[in-house]
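Notes follow the structure.
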Amino acid sequence: MSVVETKGLTYTYPSAGKPSLRDVSLAVEKGEFAILTGPSGCGKTTLCRCFNGLIPHFYSGELKGNLRVADLNVNEHTIGEMARRVGLVFQNPENQLFALSVEKDVAFGLENLGMPRGQMLERVDWALDMTGIEDLRERAPHELSGGQQQRVAIASVLAMQPEIIVFDEPTSFLDPLGAQKIFEVISELNRKLGITVILVEHRLDLAARYANHVIIMDEGRIALDGEPREIFNSEQAWLLGVGIPKSVRLWRLLEENGIDLKGIPISSDEATQRLKEVLWR
Amino acid sequence: MIEVKDIRFTYPTGVEALKGVSLSIKDGEFVAIMGQNGAGKTTLVKNFNGLLKPATGEVLVDEVSTRHVSVAKLARTVGFVFQNPDHQLFSETVEEEIAFALRNFGFDQATVEKRVTWALNLLDLTDYRKTSPFMLSGGERKRVALASVLAWDPKVVILDEPTIGQDHRQKEKLRQFIVQLNEQGKTVVIVTHDVEFVAECNPRVVLMKDGKIIADGEAKRILTNTTLALEASIVPPQIAQIFHGLTFLGLPSDVIDVSEAKKILVEYFQEHRR
Amino acid sequence: MSVFEGFRFRHVTSPVHNRDPRIKFLFVIAMFVVTIFFTELLPLLVLFFLPLPFVLIAGVRREWLRSLRGAVFLASFIFVFNFVFGYLYRSYPTTTTLLEYSLALTLRFLVLVESFSIFFLTTSPDHLSLALEQSHIPYEFTFAFTTAVRFVPVLAEEAQTIMDAQKARGLELERGNFLKRVRNYIPILIPLIVSAIRRSLELAEAMESRAWGSSPKRTNLYVLKIKLGDFVLLLLAIILLALGIYVRYFVQIPQFSTFLPPLPF
């Protein structure tokens, strides 16, 4: 069952000369962890904004084609209505936090929805627990590190219990360790709660291991769409200049030299394992 | 070129960011200052161009102490490219933006024009000469910021987190550019937490933690040291992680480059085939 | 950027901090009204020292003194102005009564400053925004206030970064005549403004994505409840008001100048 389904999606920003999305057709199934990547300017961020209705409701301009997210036709529902089913976490942690305490920020969306207080308190507790930031409850956003802020942003989106959460380059401003922690949180939400994840990322060496679906865009179009290992191995992926994980590069170089690792490793652990099996008998 | 002598620095908020740091950077070196966010990397490099003055200790740039020299004067020697280009861009055209610093330093009009053309060319921005910097994409704005600093040809170039928000191809171009700058004789200092980027450049690495330098040496030696990585809270490069699990086979552990990794593994495979 | 230090609210609690901001505000209004009643030195002196126990209980003595110090300049101006003009136009019987009157007016100004400053010193921004939310002011305004407070330290830091970035390109902010100095701030202001505009766009996106405006009746995570201490404070405010009215209309207020010898001039 597809949580996200688009057919022939085309969109041009009001002041732009050419379309940012051209005839985009893709499907993401329920419970998937999909990575969306591609060179800068390929349209990934624009596509994210379509998923929760920011396009076409916040950004004017015509959205042509079909787009259904969580059973709702984006053109026919307000962003507020979409927000109950689709969450969007942005790149800059600082500009997603409004309140003067973490607790209040996590409750922000729920307050907007007019949820009764008792239920809100439960949801806030739950979201803080799921993202591992219970101890930051009363802190002010400015005191937190980038990684902590981003976890607060995730908790605030999670509190609304959406079916699918879209993450638009959430680790851009974080160091690799901070990024890893965020990916682990996202992965947990996907595995434990069954939330469908669409993650836009450049740092494939850190994120690839969690994905079971990879989509690569280029110049507004879908260039590649499929299973991670076959995508990373494809000629086109290499030509597009996407940050293919080093483990895959190594696999390729070894294959060219007659060493068969019997499977494409998309993480360093996997690479080590396969190398052990081949080199040590 | 830059001599740091046991400096300490505390921010007005009370945070002690540098707790006794000593460092020596020679003319023409390529150094990467690494460590977790908050380790003191940016604080350290801000002492190189006088934006911050140490509470105790001294910083010598070209044998002159930074303590009594203005930032404007030090900037002639030490160029600093900030992380976010939007914190610098304010002019009506890219041309004006690049000329800004040149005019501040008192270059005459003819020299300004020459240098602007040179910088535009260097960063592939000639087509955008008369464009407003605010109309450019993120990557292009970064190039404008870089051009505006290189225009006055400082001896030292400091880049603060140059790879943030860049896609793979942009990082590749940047890497080649930085290496080229260094080969042309500039002293290049990058502050970064991007281990993969550093692994591909293989510069000298200065690793910081909690306001102190905990390691200083060759990239491949430091980035593959798991104890250090744990202490400094950094993630080793993928290739290093892969080889870490293979040391029991007798393979070397200080590998960070993909091509080198391939060579070693192919050799090992062929040897043990027989 | 020490001006902005005041916005970094320290997490202090005290019986005064914990009082409902709305009641505290009513008390401040009561003080304000009673202060306006008087131009005599004696009652104003009493009013000046009245908030002192609150200051001590709340532990904000240092900040309170600092805010008074800030008002000294304007206060001395008020004193000089009243004294000089009163003297020139001979509107007072003796110089000592004029002196007393000028001092009283100065003190009145200080009391007004003091009462408002104590309110802000003992009310955290989130407590204040909560009070605003519950006081039937449209949520848009409260939100604007809270967001502004939340971003003050962020903007302050950004301004510092921008100054650093431009200084590193040879911009000298300290040199030159007045006109040149003002012009030198353009490379600081433009990036700051552009950044603020970008930031507000990102904030708007995030707000929309979290269902902003989707429900006509917005609920609240916290609720301010009036407690015993608040009733006590309210009572104090009413007593203050009543006493003030009584003294104003029924009591003959002694003047200090009647006990002092007249001045030679």
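Identifiers in the structure tokens: chain A, B, ... in order shown; residue index from 1 per chain; ligand index from 1 in order shown.
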Give me the chain B side of the contact with chain A, cut-off 6 Å, one line per residue showing its nearest atom pair and distance in Å at one decimal, counting only C-alpha atoms, sorted by chain and residue number, as JSON lines.
{"residue": "B:Gly165", "atom": "CA", "partner": "A:Ser172", "partner_atom": "CA", "distance": 5.6}
{"residue": "B:Asp167", "atom": "CA", "partner": "A:Pro39", "partner_atom": "CA", "distance": 5.9}
{"residue": "B:His168", "atom": "CA", "partner": "A:Gly243", "partner_atom": "CA", "distance": 4.9}
{"residue": "B:Arg169", "atom": "CA", "partner": "A:Gly241", "partner_atom": "CA", "distance": 5.5}
{"residue": "B:His193", "atom": "CA", "partner": "A:Asp175", "partner_atom": "CA", "distance": 5.8}
{"residue": "B:Gln238", "atom": "CA", "partner": "A:Ser268", "partner_atom": "CA", "distance": 5.8}
{"residue": "B:Ile242", "atom": "CA", "partner": "A:Thr272", "partner_atom": "CA", "distance": 5.0}
Against chain C, which residues of chain B fall within 9 Å? For each one I want the closest pair of atoms and the distance in Å (one decimal), counting only C-alpha atoms, rows by chain and increasing residue number, as CSV.
residue,atom,partner,partner_atom,distance
B:Asn49,CA,C:Ala168,CA,7.4
B:Gly50,CA,C:Ala168,CA,8.8
B:Leu51,CA,C:Asp164,CA,6.6
B:Ser70,CA,C:Glu172,CA,8.9
B:Val71,CA,C:Ala168,CA,6.3
B:Ala72,CA,C:Gly170,CA,4.2
B:Lys73,CA,C:Gly170,CA,7.2
B:Leu74,CA,C:Ala168,CA,8.3
B:Ala75,CA,C:Ala168,CA,5.5
B:Arg76,CA,C:Gly170,CA,7.7
B:Val78,CA,C:Ala168,CA,8.4
B:Gly79,CA,C:Ala168,CA,7.0
B:Phe80,CA,C:Ala168,CA,6.3
B:Val81,CA,C:Ala165,CA,7.8
B:Phe82,CA,C:Ala165,CA,6.5
B:Asp86,CA,C:Pro191,CA,6.3
B:His87,CA,C:Ile162,CA,5.1
B:Gln88,CA,C:Ala165,CA,6.1
B:Leu89,CA,C:Pro191,CA,6.3
B:Phe90,CA,C:Ile190,CA,5.6
B:Ser91,CA,C:Pro187,CA,8.0
B:Phe100,CA,C:Arg169,CA,7.7
B:Ala101,CA,C:Arg169,CA,4.9
B:Leu102,CA,C:Gly170,CA,8.3
B:Arg103,CA,C:Gly170,CA,8.7
B:Asn104,CA,C:Gly170,CA,5.4
B:Phe105,CA,C:Gly170,CA,6.2
B:Ser148,CA,C:Arg169,CA,8.4
B:Val149,CA,C:Arg169,CA,7.2
Residue list for chain A near chain C as a PyMOL selection string, 6 Å, only C-alpha atoms: chain A and resi 80+83+95-96+98+100+109+111-114+117
Selected residues, C-alpha atoms, written as a compact mmCIF listing (two decimals), in the first residue's frame, please.
# COMPACT_ATOMS: atom_id res chain seq x y z
CA GLY A 80 -3.19 21.95 8.48
CA ALA A 83 -0.04 18.02 9.03
CA ASN A 95 14.45 27.92 12.67
CA GLN A 96 12.00 25.20 13.67
CA PHE A 98 9.62 28.80 18.47
CA LEU A 100 10.97 29.22 25.21
CA GLY A 109 1.61 21.45 16.81
CA GLU A 111 -1.88 23.24 20.57
CA ASN A 112 -2.49 24.37 17.01
CA LEU A 113 -4.73 21.36 16.48
CA GLY A 114 -6.75 22.26 19.58
CA ARG A 117 -4.68 19.35 27.64
Strand (DSSP E) positions in range 9-229 of chain A, given as a ChimeraX atom specification: /A:9-11,21-29,33-37,63-69,72-73,86-89,164-168,196-200,213-218,221-226
Non-local contacts of Glu172 in chain B (12 Å; only C-alpha atoms; under 4 positions in same chain excluded) as number ranges by chain: A: 241-243; B: 162-163, 166-168, 176-179, 196-198, 200-201
May I have the selected residues written with C-alpha atoms, as a compact mmCIF listing (two decimals), in the first residue's frame?
# COMPACT_ATOMS: atom_id res chain seq x y z
CA GLY A 241 28.06 12.65 -9.10
CA VAL A 242 26.06 11.48 -6.11
CA GLY A 243 28.04 10.71 -2.95
CA PRO B 162 33.66 24.86 3.88
CA THR B 163 31.81 21.61 3.11
CA GLN B 166 27.53 20.95 -0.34
CA ASP B 167 26.72 18.00 -2.54
CA HIS B 168 29.34 15.45 -3.56
CA GLN B 176 40.65 20.20 -5.88
CA PHE B 177 40.58 23.96 -5.54
CA ILE B 178 41.97 23.93 -2.02
CA VAL B 179 44.73 21.52 -2.97
CA GLU B 196 35.73 11.89 4.55
CA PHE B 197 36.74 15.21 3.03
CA VAL B 198 39.92 15.28 5.08
CA GLU B 200 40.62 12.59 0.57
CA CYS B 201 42.97 15.56 1.02
Would you list the contacts of range 120-126 of chain B as a short mmCIF file (atom, residue, chain, number, x, y, z; two decimals) with N, CA and C atoms, in the first residue's frame, taking every protein, DNA or RNA residue within 7 Å and counting only C-alpha atoms, but skipping same-chain residues closer than 3 positions in sequence?
data_model
loop_
_atom_site.label_atom_id
_atom_site.label_comp_id
_atom_site.auth_asym_id
_atom_site.auth_seq_id
_atom_site.Cartn_x
_atom_site.Cartn_y
_atom_site.Cartn_z
N VAL B 116 39.77 42.10 -9.20
CA VAL B 116 38.39 41.61 -9.27
C VAL B 116 38.24 40.66 -10.46
N THR B 117 38.77 41.08 -11.60
CA THR B 117 38.69 40.22 -12.79
C THR B 117 39.39 38.90 -12.53
N ARG B 129 29.39 38.67 -13.02
CA ARG B 129 30.01 39.92 -12.59
C ARG B 129 29.00 40.98 -12.15
N ARG B 143 30.98 30.58 -3.50
CA ARG B 143 32.12 30.90 -4.36
C ARG B 143 32.40 32.39 -4.34
N ALA B 147 35.81 34.08 -3.36
CA ALA B 147 36.48 34.99 -4.29
C ALA B 147 36.81 36.31 -3.61
#
All residues 12 Å or closer to Arg221 in chain A, only C-alpha atoms, same chain fewer than 5 positions away omitted, as a count of residues only: 24
Coordinates-based distance that separates CA of Ile23 in chain C from CA of Leu45 in chain C (Å, one decimal):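 So the two atoms, CA of Leu45 in chain C and CA of Ile23 in chain C, lie 23.9 Å apart.
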Residues within 12 Å of Val124 in chain A, only C-alpha atoms, excluding chain neighbours under 4 positions, as a ChimeraX atom specification: /A:102-111,115,117-120,128-131,133-134,137,152,154-161 /C:221
For Lys19 in chain B: contacts at 6 Å, only C-alpha atoms, fewer than 3 positions along chain excluded, given as a ChimeraX atom specification: /B:8,211-212
Å distance separating CA of Val195 in chain B from CA of Ile266 in chain A, one decimal place: 18.0 Å
Atomic separation - CA of Ser137 in chain B relative to CA of Ile164 in chain A, Å: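 Separation of CA of Ile164 in chain A and CA of Ser137 in chain B: 29.6 Å.
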Those of range 55-153 of chain C in DSSP helix (DSSP H, G or I), formatted as a ChimeraX atom specification: /C:55-58,61-88,95-121,125-133,139-153
